[in-house]
Amino acid sequence: MISISDISFSQGLAVSVLCTPLLAAGIANLIKEKFSWLTPLISSFLLLLTALGTAVLLADAGIPDQKFSIPWFTLNNKIVSIGFLLDPTTLTMVTVVTWVSFFVHIFSIGYMAQDKNVIRYFSLLGFFTFAMLGLVMSNNLLVTFCFWELVGFSSYRLIGHWHEKQAAAQASTKAYLLNKVGDLGFLIGLMILWSQAGNLDIDAFTAIDPTWLTTAGICIFFGVVGKSAQFPLLNWLPDAMEGPTPVSALIHAATMVAAGVFLLIRIEPIFTANSLLIVASVGAITAVWGALGALVQFDIKKILAYSTISQLGLMVMAIGSGAMQGAYEHLLHHAFFKAGLFLGTGSILHAMQQVIKHEQPAFDVQDIRSLGGLRKKLPVTYLGFLICAASLAGLPLTAGFISKEMILTDVQTWAGSIFSIRWLVLLSAWVVTFLTPLYTFRLVWYVFFGKENLTPVREVPMIMRIPVLALAFGSISFLFYQGQLNSLTNWLMGTTHHTPFSITVISVSLIILSLIIGYLLYRSRSVKAVAPWLAPHHLLDWIDLQIIILSHLFSRITSFVDKNLIDLFIHQLIYVQVTMAFITNWTDRYILDGLVNGSASAARGVGIFARSIVNGKIQSYLLWAMAGLLIFILWIIY
Amino acid sequence: MHLLSYLIFIPIVAALVILAMPARLSNAFRAVSLTVNILQLLVLLAIVLNFKISAGYQLIEKTPWITMNLGAWGELRAEYFVALDGLSFPLVALSVFIMFIATVSSWTIEQNRKGYFVLLLTLNGAILGSFCALDFLLFYVFFEFMLLPMYFLIGIWGGPKREYASIKFFLYTLLGSIFILIVLVGLYLSTKTPGQADLVHTFNVLYMQDPANLISGSALALDSNSYLGPYSFRLWAFLLLFVGFIIKLPAVPFHTWLPDAHVEAPTPISVILAALLLKFGGYGLLRFAYPIFPDGAIYFSWLVGFIGLLSIIYGALNAMASKDLKRLIAYSSVSHMGFVLLGIASATVEGITGAVYQMFSHGIISAMLFLIAGVLYDRTHDRLIENYSGLATKMKGYTAFVLIAFFASMGLPGFAGFIGEVLVLFGAFQSKFINGLIPSWMALAATFGLLLGAGYYLWTIQRMFYGLFSVKNYLGNLADLDSREYSLLIPLALAALVFGILPQLLLNYINPFAAEFVIRWFAPETLIP
């Protein structure tokens, strides 16, 4: 057992960091409806404390890694413990999660100011942050799985925040179910690991038979496919955009969907070469699929959702091809620039919604074709959005560029010089490098350039401008943490062993080419529509629908079997029994009674009764006794 | 100390007291009933304090009950023998807790309160007696004694089709009882009391569990040569017990009494039925069928596991097809009790522990679910899912508890249901590597039950609680939960959370039982050649 004195400062701080958002969620629920305006302030304040706590934790992080655990339960002499692992990987992720969550909280103060259910909103936001931090800190896969499910739950609730809208209700159900499909894979992976190792601590799987390890790895990867919206479980993410935009920023861009990638990095040792190739291929398909999807959408949030899918695919592909460091850095950078893009989008939507109240007829504010020329009206938002977009597109001197270079380099090395399936993965990495600036700047041109078609748009309140700028700053800041600084110096000094100059040249020229093509294509805003079948999620939606129809068919069949086969059989049985009873009754009354006189039958009755005990027919005895008692009871009652 | 006897007989004495009271004191009956529950909770507290965390039977009370010299047949000896072990202790605690909830939930019963509370208290005593009894005859008496109050409680206080439902319930369970009775008599005739010079037959379950006490040459002895068709008498006896108990569980295809009984039963009775009566299925298998006939359990393990899996999937599919909220919840019980069967079939420590944990957690969660269905029915007298929409906007407190109950039932981590299901799945998957009893694919297929569970619950939330508010066929104002309903739901929700977050509280008791159970009857080295 652990006593208080055994807990070091950073351990205590880590636990406090984990629990403060939960506390915020709890406090929010205690606030009366009348004082609901207090909730955003209290929650944001507690999140600020959490974020500051993580900063201290990061600064205090010592070597060796901190590992400690609290026993959760013991089963069959195997201890399952709530383990914490505080290494640099965990701590940077914890920092990013809490800071992004804090900015989203701040932004939500403005964005959700007029919402009726602001208490529930902030409470769930806090709960999500707690679950996400738990997921990141955990050193035990069962505990990770618990938090994994809990982030899914908060995502479900937040997507359905405006549940009076049918689309939001459906999107939340879809998101949870598709996540659950992936979770089953995760659970099966846990079953395999438990049966082989008897312990689910992340570092306990070294001695397992490689075949089982590969299988378990692929199963857990299936969980990642669900949570990180990889092919073929990716079509829930665009629908999840029905949730409030800050939620999309926090959960469906920066943190929860990245949790899958983080988990892959955590459990990397259990992947064998074969399973890694599967990981890389799935990531590659997703990356291209998502980028193409983003290119044909006109809904601003869905463009960003597909972009998230594509970027997550890129990270997963990177992990599959051994670019662990690049994938992780890209994950952190992506958290900043994508959250910034979503919050910027939130600002745009917020500003437009203020206008649309007076505008007749109403139009879809999320459709980029109805937006335009906003760079003058929303200059601050424009600045933040542009920086984040540059980072997403991977323009030089942004965070996105550095991590993309790292990924490209490692994939190139991994692919080797002899043609194999790995080359296709590499090719897709290049394709994504080309497509990302194309769809990103298509979005920017549509929204911020071109002719203005609305007059009275006003910049959003300060409380919503600051988070966007802060996140934008995060996505260009090289000094954000130590590793970043190293990459920069390495790159500038040319001392890096791993980014050949050729790769930089190719990627930069691809980006420039992409920008030129994009300029020519979209500057004129002439592309007004694309064929609906080009939106790639339709195929997956159709498949899901077929599965649902099939399961409904099965449920009709089982319901039919219950009503018309099993119950029919029972009814027939009862019918036969009742008929038999009538026959015996008739026989008794008209035949036996005629033959046997009263005293004889009494003697016979006693005889049968006695024999029934001796023969062990206690059933009838008991039934008689109880029936007698109950008749007595009922007789008294009535 | 006689703690267990207090637990069993306080309600029975109280039932007699109410019987003696005049019917016009209708409010007093509720008070007496509630007093009984409070007394039982106090006794339970004493039991918790006295119960040592270790394997083995405790708080034993043993006195001769029926002794009858049958001449050539030897001597009939039945005892009043009650005790608790790691299996029955959680179930007894659950029973006391749920009976308390059921009494408070019965507060709104208006029709013939005297009869209602007499029957409720009788049921209470019978349930506790059955969980505590270690004499097979005593168990059987209590077990049968549950049947009749239940029959009347559904048949008199139930919904429109109550007669049909109660007769169906009665016939199904009576059939199960007859199967159990046949084995009971057979076992009695085959078991002798150890340490006695003369042949003294016994109903003592602990004696029956030890093959050394089986009379050599008798029908159910290990060396028996009696065959009937393809199987020996012992295997038949296992099958009879198995069918007898899975009717209670209920498992597919013996489950169709359950939806009807639930739909027609008044809310408190549904709660007791789901939370406690179903548990006798799993309890009976773990107490009687498996320890007394481990050879049968091993021989039929594939069948047991398969029926468990079938119940999980089939129950979930049927829940999805249900149009009535209460029927949906009833079928979800079938699905969840399938996990109990699957865990038992695996005969691994994880599986057995998970099965008992699942019984306990299902007791708490299904009680919540049926109370929730009752809340809506009390207001509108309509349970059809399609008639509701957007309830979340009008009934916020209610929606919060619906979400808690639904997600707890789906096995969301943090709730007790998760621990039970995960342990069962771990055990079922492992079985192939440990004792070879059930194949691993059963565990894999069972996970689909979790997906289907999420499907029907979320679909229900989407249809009934999300969207724009509308209620068909009802014009009144839909009130949110009142304080009595909160007082029912909050303790259950807390219990579901506490046992989900701190599983060790229960595992302390269940795990030693499961470990001992597996070592004694299903030790891996005796199974894998």
# chains A, B, ... in the order shown; residues from 1 in each chain; ligands from 1
>>> residues_around(residues="Tyr164 in chain B", least_positions_apart="4", cutoff="10 Å", atoms="only C-alpha atoms", output="list in words")
Ile154, Gly155, Pro160, Lys168, Phe169, Phe170, Trp257, Asp260, Ala261 and Glu264 of chain B
>>> write_last_selection(atoms="N, CA and C atoms", output="mmCIF file, in the first residue's frame")
data_model
loop_
_atom_site.group_PDB
_atom_site.id
_atom_site.type_symbol
_atom_site.label_atom_id
_atom_site.label_comp_id
_atom_site.auth_asym_id
_atom_site.auth_seq_id
_atom_site.Cartn_x
_atom_site.Cartn_y
_atom_site.Cartn_z
ATOM 1 N N ILE B 154 -48.146 -10.747 -9.495
ATOM 2 C CA ILE B 154 -48.326 -10.382 -10.903
ATOM 3 C C ILE B 154 -49.798 -10.514 -11.286
ATOM 4 N N GLY B 155 -50.408 -11.596 -10.825
ATOM 5 C CA GLY B 155 -51.762 -11.916 -11.259
ATOM 6 C C GLY B 155 -52.819 -10.970 -10.722
ATOM 7 N N PRO B 160 -52.902 -5.236 -17.850
ATOM 8 C CA PRO B 160 -54.089 -5.787 -18.519
ATOM 9 C C PRO B 160 -53.999 -7.289 -18.812
ATOM 10 N N LYS B 168 -48.211 -18.050 -17.281
ATOM 11 C CA LYS B 168 -47.037 -18.446 -18.054
ATOM 12 C C LYS B 168 -45.817 -18.534 -17.132
ATOM 13 N N PHE B 169 -45.685 -17.510 -16.312
ATOM 14 C CA PHE B 169 -44.579 -17.500 -15.342
ATOM 15 C C PHE B 169 -44.643 -18.722 -14.446
ATOM 16 N N PHE B 170 -45.838 -19.005 -13.956
ATOM 17 C CA PHE B 170 -46.010 -20.102 -13.016
ATOM 18 C C PHE B 170 -45.671 -21.440 -13.670
ATOM 19 N N TRP B 257 -41.182 -16.457 -20.844
ATOM 20 C CA TRP B 257 -42.041 -16.006 -19.734
ATOM 21 C C TRP B 257 -41.622 -14.638 -19.242
ATOM 22 N N ASP B 260 -43.134 -11.224 -20.833
ATOM 23 C CA ASP B 260 -44.548 -11.086 -20.483
ATOM 24 C C ASP B 260 -44.729 -10.764 -19.011
ATOM 25 N N ALA B 261 -43.983 -11.502 -18.167
ATOM 26 C CA ALA B 261 -44.112 -11.264 -16.729
ATOM 27 C C ALA B 261 -43.714 -9.833 -16.404
ATOM 28 N N GLU B 264 -46.255 -7.090 -17.593
ATOM 29 C CA GLU B 264 -47.501 -7.033 -16.839
ATOM 30 C C GLU B 264 -47.298 -6.717 -15.362
#
>>> atom_distance(atom1="CA of Gln504 in chain B", atom2="CA of Leu75 in chain A")
8.9 Å
>>> residues_around(residues="range 337-351 of chain A", least_positions_apart="5", cutoff="6 Å", atoms="only C-alpha atoms", output="PyMOL selection string")
chain A and resi 245+249+254+381+385+388+460+468+471-472+475
>>> write_last_selection(atoms="N, CA and C atoms", output="mmCIF file, in the first residue's frame")
data_model
loop_
_atom_site.group_PDB
_atom_site.id
_atom_site.type_symbol
_atom_site.label_atom_id
_atom_site.label_comp_id
_atom_site.auth_asym_id
_atom_site.auth_seq_id
_atom_site.Cartn_x
_atom_site.Cartn_y
_atom_site.Cartn_z
ATOM 1 N N THR A 245 -18.954 24.003 -32.064
ATOM 2 C CA THR A 245 -17.631 24.103 -32.703
ATOM 3 C C THR A 245 -16.458 23.993 -31.721
ATOM 4 N N ALA A 249 -13.289 21.411 -31.891
ATOM 5 C CA ALA A 249 -11.889 21.785 -31.770
ATOM 6 C C ALA A 249 -11.173 20.899 -30.758
ATOM 7 N N ALA A 254 -8.254 18.055 -31.755
ATOM 8 C CA ALA A 254 -6.987 18.131 -31.057
ATOM 9 C C ALA A 254 -6.693 16.909 -30.201
ATOM 10 N N THR A 381 -9.356 37.221 -36.462
ATOM 11 C CA THR A 381 -9.671 35.829 -36.782
ATOM 12 C C THR A 381 -8.921 35.405 -38.041
ATOM 13 N N PHE A 385 -6.411 32.338 -38.214
ATOM 14 C CA PHE A 385 -6.797 31.261 -39.121
ATOM 15 C C PHE A 385 -5.711 31.018 -40.154
ATOM 16 N N CYS A 388 -2.633 29.210 -38.695
ATOM 17 C CA CYS A 388 -2.916 27.787 -38.470
ATOM 18 C C CYS A 388 -3.034 27.053 -39.801
ATOM 19 N N VAL A 460 -15.532 39.114 -33.359
ATOM 20 C CA VAL A 460 -16.075 38.462 -32.159
ATOM 21 C C VAL A 460 -15.436 39.074 -30.906
ATOM 22 N N VAL A 468 -7.816 31.910 -30.183
ATOM 23 C CA VAL A 468 -7.412 31.625 -31.560
ATOM 24 C C VAL A 468 -5.968 32.071 -31.774
ATOM 25 N N LEU A 471 -3.487 29.797 -29.929
ATOM 26 C CA LEU A 471 -3.237 28.529 -30.615
ATOM 27 C C LEU A 471 -2.417 28.755 -31.882
ATOM 28 N N ALA A 472 -2.680 29.865 -32.549
ATOM 29 C CA ALA A 472 -1.889 30.178 -33.742
ATOM 30 C C ALA A 472 -0.434 30.389 -33.358
ATOM 31 N N SER A 475 1.293 27.238 -32.935
ATOM 32 C CA SER A 475 1.632 26.448 -34.116
ATOM 33 C C SER A 475 2.757 27.066 -34.938
#
>>> closest_atom_pairs(of="range 94-213 of chain A", to="range 22-41 of chain A", cutoff="7 Å", atoms="only C-alpha atoms", output="Markdown table")
| residue | atom | partner | partner_atom | distance |
| --- | --- | --- | --- | --- |
| A:Ile109 | CA | A:Pro40 | CA | 5.7 |
| A:Val118 | CA | A:Ser36 | CA | 6.8 |
| A:Ile119 | CA | A:Ala28 | CA | 5.9 |
| A:Phe122 | CA | A:Pro40 | CA | 6.4 |
| A:Ser123 | CA | A:Ala25 | CA | 4.0 |
| A:Leu124 | CA | A:Ala25 | CA | 6.5 |
| A:Gly126 | CA | A:Ala25 | CA | 4.9 |
| A:Phe127 | CA | A:Leu22 | CA | 5.3 |
| A:Phe130 | CA | A:Leu22 | CA | 5.4 |
>>> atom_distance(atom1="CA of Met442 in chain B", atom2="CA of Gly351 in chain B")
12.7 Å
>>> select_by_dssp(residues="range 283-512 of chain B", states="alpha helix (DSSP H)", output="short mmCIF file (atom, residue, chain, number, x, y, z; two decimals) with C-alpha atoms, in the first residue's frame")
data_model
loop_
_atom_site.label_atom_id
_atom_site.label_comp_id
_atom_site.auth_asym_id
_atom_site.auth_seq_id
_atom_site.Cartn_x
_atom_site.Cartn_y
_atom_site.Cartn_z
CA TYR B 283 -26.83 -19.19 -8.05
CA GLY B 284 -28.37 -22.62 -8.55
CA TYR B 290 -21.71 -27.48 -10.97
CA PRO B 291 -20.25 -28.64 -7.65
CA ILE B 292 -22.39 -31.75 -7.37
CA PRO B 294 -18.68 -31.38 -12.17
CA ASP B 295 -18.39 -34.27 -14.62
CA GLY B 296 -21.67 -33.20 -16.20
CA ALA B 297 -20.54 -29.61 -16.25
CA ILE B 298 -17.38 -30.58 -18.08
CA TYR B 299 -19.20 -32.87 -20.47
CA SER B 301 -19.55 -27.17 -21.10
CA TRP B 302 -19.84 -26.43 -24.80
CA LEU B 303 -23.62 -26.52 -24.56
CA VAL B 304 -23.66 -24.28 -21.48
CA GLY B 305 -21.36 -21.76 -23.12
CA PHE B 306 -23.31 -21.85 -26.35
CA ILE B 307 -26.63 -21.26 -24.61
CA GLY B 308 -25.00 -18.35 -22.80
CA LEU B 309 -23.76 -16.89 -26.08
CA LEU B 310 -27.11 -17.52 -27.74
CA SER B 311 -28.88 -15.67 -24.93
CA ILE B 312 -26.51 -12.73 -25.22
CA ILE B 313 -27.05 -12.27 -28.95
CA TYR B 314 -30.64 -13.43 -29.20
CA GLY B 315 -31.74 -11.37 -26.21
CA ALA B 316 -30.05 -8.28 -27.57
CA LEU B 317 -31.62 -8.71 -31.01
CA ASN B 318 -35.03 -9.13 -29.44
CA ALA B 319 -34.49 -6.04 -27.33
CA MET B 320 -33.77 -4.16 -30.52
CA ALA B 321 -37.06 -5.32 -32.00
CA LEU B 325 -39.79 0.09 -23.22
CA LYS B 326 -40.29 -2.49 -20.50
CA ARG B 327 -40.10 -5.38 -22.93
CA LEU B 328 -36.85 -3.94 -24.25
CA ILE B 329 -35.41 -3.86 -20.75
CA ALA B 330 -36.66 -7.38 -20.07
CA TYR B 331 -34.88 -8.70 -23.15
CA SER B 332 -31.75 -6.81 -22.19
CA SER B 333 -31.86 -8.85 -18.96
CA VAL B 334 -31.85 -12.03 -21.02
CA SER B 335 -28.81 -10.72 -22.84
CA HIS B 336 -26.97 -9.75 -19.69
CA MET B 337 -27.73 -12.97 -17.89
CA GLY B 338 -26.22 -14.76 -20.88
CA PHE B 339 -22.89 -13.36 -19.69
CA VAL B 340 -23.44 -15.09 -16.37
CA LEU B 341 -23.90 -18.40 -18.16
CA LEU B 342 -20.87 -17.84 -20.36
CA GLY B 343 -18.71 -17.04 -17.34
CA ILE B 344 -19.91 -20.12 -15.50
CA ALA B 345 -19.32 -22.30 -18.54
CA SER B 346 -15.68 -21.21 -18.68
CA VAL B 349 -11.51 -18.00 -11.81
CA GLU B 350 -12.09 -14.93 -13.96
CA GLY B 351 -15.22 -16.39 -15.49
CA ILE B 352 -16.80 -17.49 -12.21
CA THR B 353 -15.88 -14.24 -10.46
CA GLY B 354 -17.22 -12.30 -13.42
CA ALA B 355 -20.45 -14.30 -13.43
CA VAL B 356 -21.12 -13.57 -9.75
CA TYR B 357 -20.12 -9.94 -10.23
CA GLN B 358 -22.40 -9.69 -13.23
CA MET B 359 -25.29 -11.11 -11.19
CA PHE B 360 -24.72 -8.49 -8.53
CA SER B 361 -24.30 -5.58 -10.92
CA HIS B 362 -27.25 -6.66 -13.02
CA GLY B 363 -29.29 -6.72 -9.82
CA ILE B 364 -28.55 -3.07 -9.20
CA ILE B 365 -28.72 -1.87 -12.79
CA SER B 366 -31.85 -3.77 -13.82
CA ALA B 367 -33.60 -2.42 -10.72
CA MET B 368 -32.78 1.06 -11.96
CA LEU B 369 -33.96 0.27 -15.45
CA PHE B 370 -37.32 -1.04 -14.32
CA LEU B 371 -37.85 1.88 -11.95
CA ILE B 372 -37.18 4.18 -14.87
CA ALA B 373 -39.72 2.41 -17.03
CA GLY B 374 -42.14 2.67 -14.10
CA VAL B 375 -41.64 6.43 -13.77
CA LEU B 376 -42.89 7.01 -17.29
CA TYR B 377 -45.71 4.50 -17.01
CA ASP B 378 -46.94 6.09 -13.77
CA ARG B 379 -47.36 9.38 -15.60
CA THR B 380 -48.79 8.43 -18.95
CA LEU B 391 -38.26 13.94 -23.33
CA ALA B 392 -34.81 15.33 -22.53
CA THR B 393 -36.09 18.87 -22.88
CA LYS B 394 -38.95 18.44 -20.41
CA LYS B 396 -34.03 16.74 -17.22
CA GLY B 397 -33.59 14.82 -13.98
CA TYR B 398 -35.32 11.81 -15.45
CA THR B 399 -33.14 11.92 -18.56
CA ALA B 400 -30.01 12.10 -16.43
CA PHE B 401 -30.97 8.88 -14.63
CA VAL B 402 -32.03 7.21 -17.85
CA LEU B 403 -28.59 7.95 -19.25
CA ILE B 404 -26.90 6.64 -16.12
CA ALA B 405 -28.95 3.46 -16.17
CA PHE B 406 -28.61 2.87 -19.89
CA PHE B 407 -24.87 3.47 -19.97
CA ALA B 408 -24.38 1.41 -16.83
CA SER B 409 -26.27 -1.40 -18.51
CA MET B 410 -24.18 -0.98 -21.66
CA ALA B 416 -20.44 -2.14 -11.99
CA GLY B 417 -21.63 -3.77 -15.20
CA PHE B 418 -18.27 -3.21 -16.87
CA ILE B 419 -16.31 -5.22 -14.31
CA GLY B 420 -18.64 -8.20 -14.56
CA GLU B 421 -18.68 -8.29 -18.33
CA VAL B 422 -14.95 -7.79 -18.75
CA LEU B 423 -14.12 -10.53 -16.25
CA VAL B 424 -16.55 -12.90 -17.95
CA LEU B 425 -15.01 -12.17 -21.33
CA PHE B 426 -11.49 -12.61 -19.96
CA GLY B 427 -12.49 -15.90 -18.40
CA ALA B 428 -14.34 -17.17 -21.44
CA PHE B 429 -11.47 -16.35 -23.75
CA GLN B 430 -8.94 -17.89 -21.41
CA SER B 431 -10.84 -21.11 -20.88
CA LYS B 432 -9.35 -22.70 -23.99
CA PHE B 433 -5.82 -22.19 -22.68
CA ILE B 434 -6.53 -23.14 -19.08
CA SER B 440 -12.31 -18.85 -27.59
CA TRP B 441 -14.61 -17.82 -30.39
CA MET B 442 -17.49 -17.78 -27.95
CA ALA B 443 -15.89 -14.90 -26.07
CA LEU B 444 -15.22 -13.11 -29.34
CA ALA B 445 -18.79 -13.57 -30.52
CA ALA B 446 -20.11 -12.46 -27.14
CA THR B 447 -18.55 -9.04 -27.62
CA PHE B 448 -21.15 -8.45 -30.34
CA GLY B 449 -23.68 -8.48 -27.55
CA LEU B 450 -22.02 -5.33 -26.21
CA LEU B 451 -22.30 -3.65 -29.59
CA LEU B 452 -25.96 -4.63 -29.97
CA GLY B 453 -26.53 -3.41 -26.41
CA ALA B 454 -25.13 -0.01 -27.28
CA GLY B 455 -27.28 -0.12 -30.42
CA TYR B 456 -30.66 -0.66 -28.80
CA TYR B 457 -30.03 1.68 -25.90
CA LEU B 458 -28.74 4.55 -28.00
CA TRP B 459 -31.51 4.07 -30.50
CA THR B 460 -34.01 4.29 -27.64
CA SER B 483 -38.37 13.30 -4.27
CA ARG B 484 -39.53 9.72 -3.69
CA GLU B 485 -38.31 8.70 -7.13
CA TYR B 486 -35.00 10.44 -6.54
CA SER B 487 -34.66 8.60 -3.24
CA LEU B 488 -35.04 5.32 -5.14
CA LEU B 489 -32.75 6.10 -8.04
CA ILE B 490 -29.91 7.88 -6.26
CA PRO B 491 -28.89 4.96 -4.01
CA LEU B 492 -28.99 2.58 -6.95
CA ALA B 493 -26.93 4.90 -9.13
CA LEU B 494 -24.42 5.35 -6.33
CA ALA B 495 -24.20 1.60 -5.80
CA ALA B 496 -23.64 1.05 -9.52
CA LEU B 497 -20.84 3.62 -9.41
CA VAL B 498 -19.20 2.47 -6.18
CA PHE B 499 -19.00 -1.14 -7.29
CA GLY B 500 -17.74 -0.03 -10.68
CA ILE B 501 -14.97 2.14 -9.31
CA GLN B 504 -12.28 -4.81 -4.71
CA LEU B 505 -15.14 -4.30 -2.22
CA LEU B 506 -16.93 -7.25 -3.77
CA LEU B 507 -14.00 -9.16 -5.22
CA ASN B 508 -12.75 -9.60 -1.66
CA TYR B 509 -15.65 -11.99 -1.17
CA ILE B 510 -16.25 -13.39 -4.63
CA ASN B 511 -12.68 -14.08 -5.68
CA PRO B 512 -11.81 -16.52 -2.84
#
>>> closest_residue(among="A:Ala258, A:Ala113, A:Leu184, A:Ile421", to="chain B", atoms="only C-alpha atoms")
A:Leu184
>>> residues_around(residues="range 138-150 of chain B", least_positions_apart="2", cutoff="6 Å", atoms="only C-alpha atoms", output="list of chain:residue names")
B:Leu119, B:Leu123, B:Ala126, B:Gly129, B:Ser130, B:Ala133, B:Asp135, B:Phe136, B:Phe152, B:Leu153
>>> write_last_selection(atoms="N, CA and C atoms", output="short mmCIF file (atom, residue, chain, number, x, y, z; two decimals), in the first residue's frame")
data_model
loop_
_atom_site.label_atom_id
_atom_site.label_comp_id
_atom_site.auth_asym_id
_atom_site.auth_seq_id
_atom_site.Cartn_x
_atom_site.Cartn_y
_atom_site.Cartn_z
N LEU B 119 -47.80 -10.56 0.89
CA LEU B 119 -47.11 -11.34 -0.13
C LEU B 119 -45.67 -10.85 -0.33
N LEU B 123 -42.37 -13.06 0.21
CA LEU B 123 -41.39 -13.19 -0.86
C LEU B 123 -40.00 -12.84 -0.34
N ALA B 126 -38.63 -15.62 1.70
CA ALA B 126 -38.33 -16.79 0.87
C ALA B 126 -37.05 -16.57 0.06
N GLY B 129 -34.13 -16.80 2.43
CA GLY B 129 -33.99 -18.20 2.83
C GLY B 129 -33.32 -19.02 1.75
N SER B 130 -33.74 -18.81 0.50
CA SER B 130 -33.16 -19.62 -0.58
C SER B 130 -31.68 -19.34 -0.76
N ALA B 133 -29.87 -21.08 2.36
CA ALA B 133 -30.05 -22.49 2.69
C ALA B 133 -28.94 -23.35 2.10
N ASP B 135 -29.21 -26.76 2.89
CA ASP B 135 -29.87 -28.06 2.87
C ASP B 135 -30.76 -28.04 1.65
N PHE B 136 -30.61 -29.04 0.80
CA PHE B 136 -31.29 -28.97 -0.49
C PHE B 136 -32.80 -28.91 -0.31
N PHE B 152 -49.18 -14.44 -7.45
CA PHE B 152 -50.31 -13.58 -7.08
C PHE B 152 -49.98 -12.11 -7.26
N LEU B 153 -48.73 -11.74 -6.98
CA LEU B 153 -48.37 -10.32 -7.12
C LEU B 153 -48.49 -9.86 -8.57
#
>>> closest_residue(among="A:Gln366, A:Gln325, A:Thr95, A:Asn564", to="chain B", atoms="only C-alpha atoms")
A:Asn564
>>> residues_around(residues="Gln111 in chain B", least_positions_apart="4", cutoff="10 Å", atoms="only C-alpha atoms", output="JSON, numbers by chain")
{"B": [26, 115, 116, 156, 157]}
>>> write_last_selection(atoms="C-alpha atoms", output="PDB file, in the first residue's frame")
ATOM      1  CA  SER B  26     -53.823   0.462   5.202  1.00  0.00           C
ATOM      2  CA  GLY B 115     -52.589  -8.620   0.718  1.00  0.00           C
ATOM      3  CA  TYR B 116     -49.841  -6.928  -1.236  1.00  0.00           C
ATOM      4  CA  ILE B 156     -53.602  -9.458  -8.973  1.00  0.00           C
ATOM      5  CA  TRP B 157     -51.623  -6.230  -9.111  1.00  0.00           C
TER       6      TRP B 157
END
>>> residues_around(residues="range 189-202 of chain B", least_positions_apart="2", cutoff="7 Å", atoms="only C-alpha atoms", output="VMD selection string")
chain B and resid 74 to 78 185 to 187 204 207 to 208 213 to 215 218 to 221
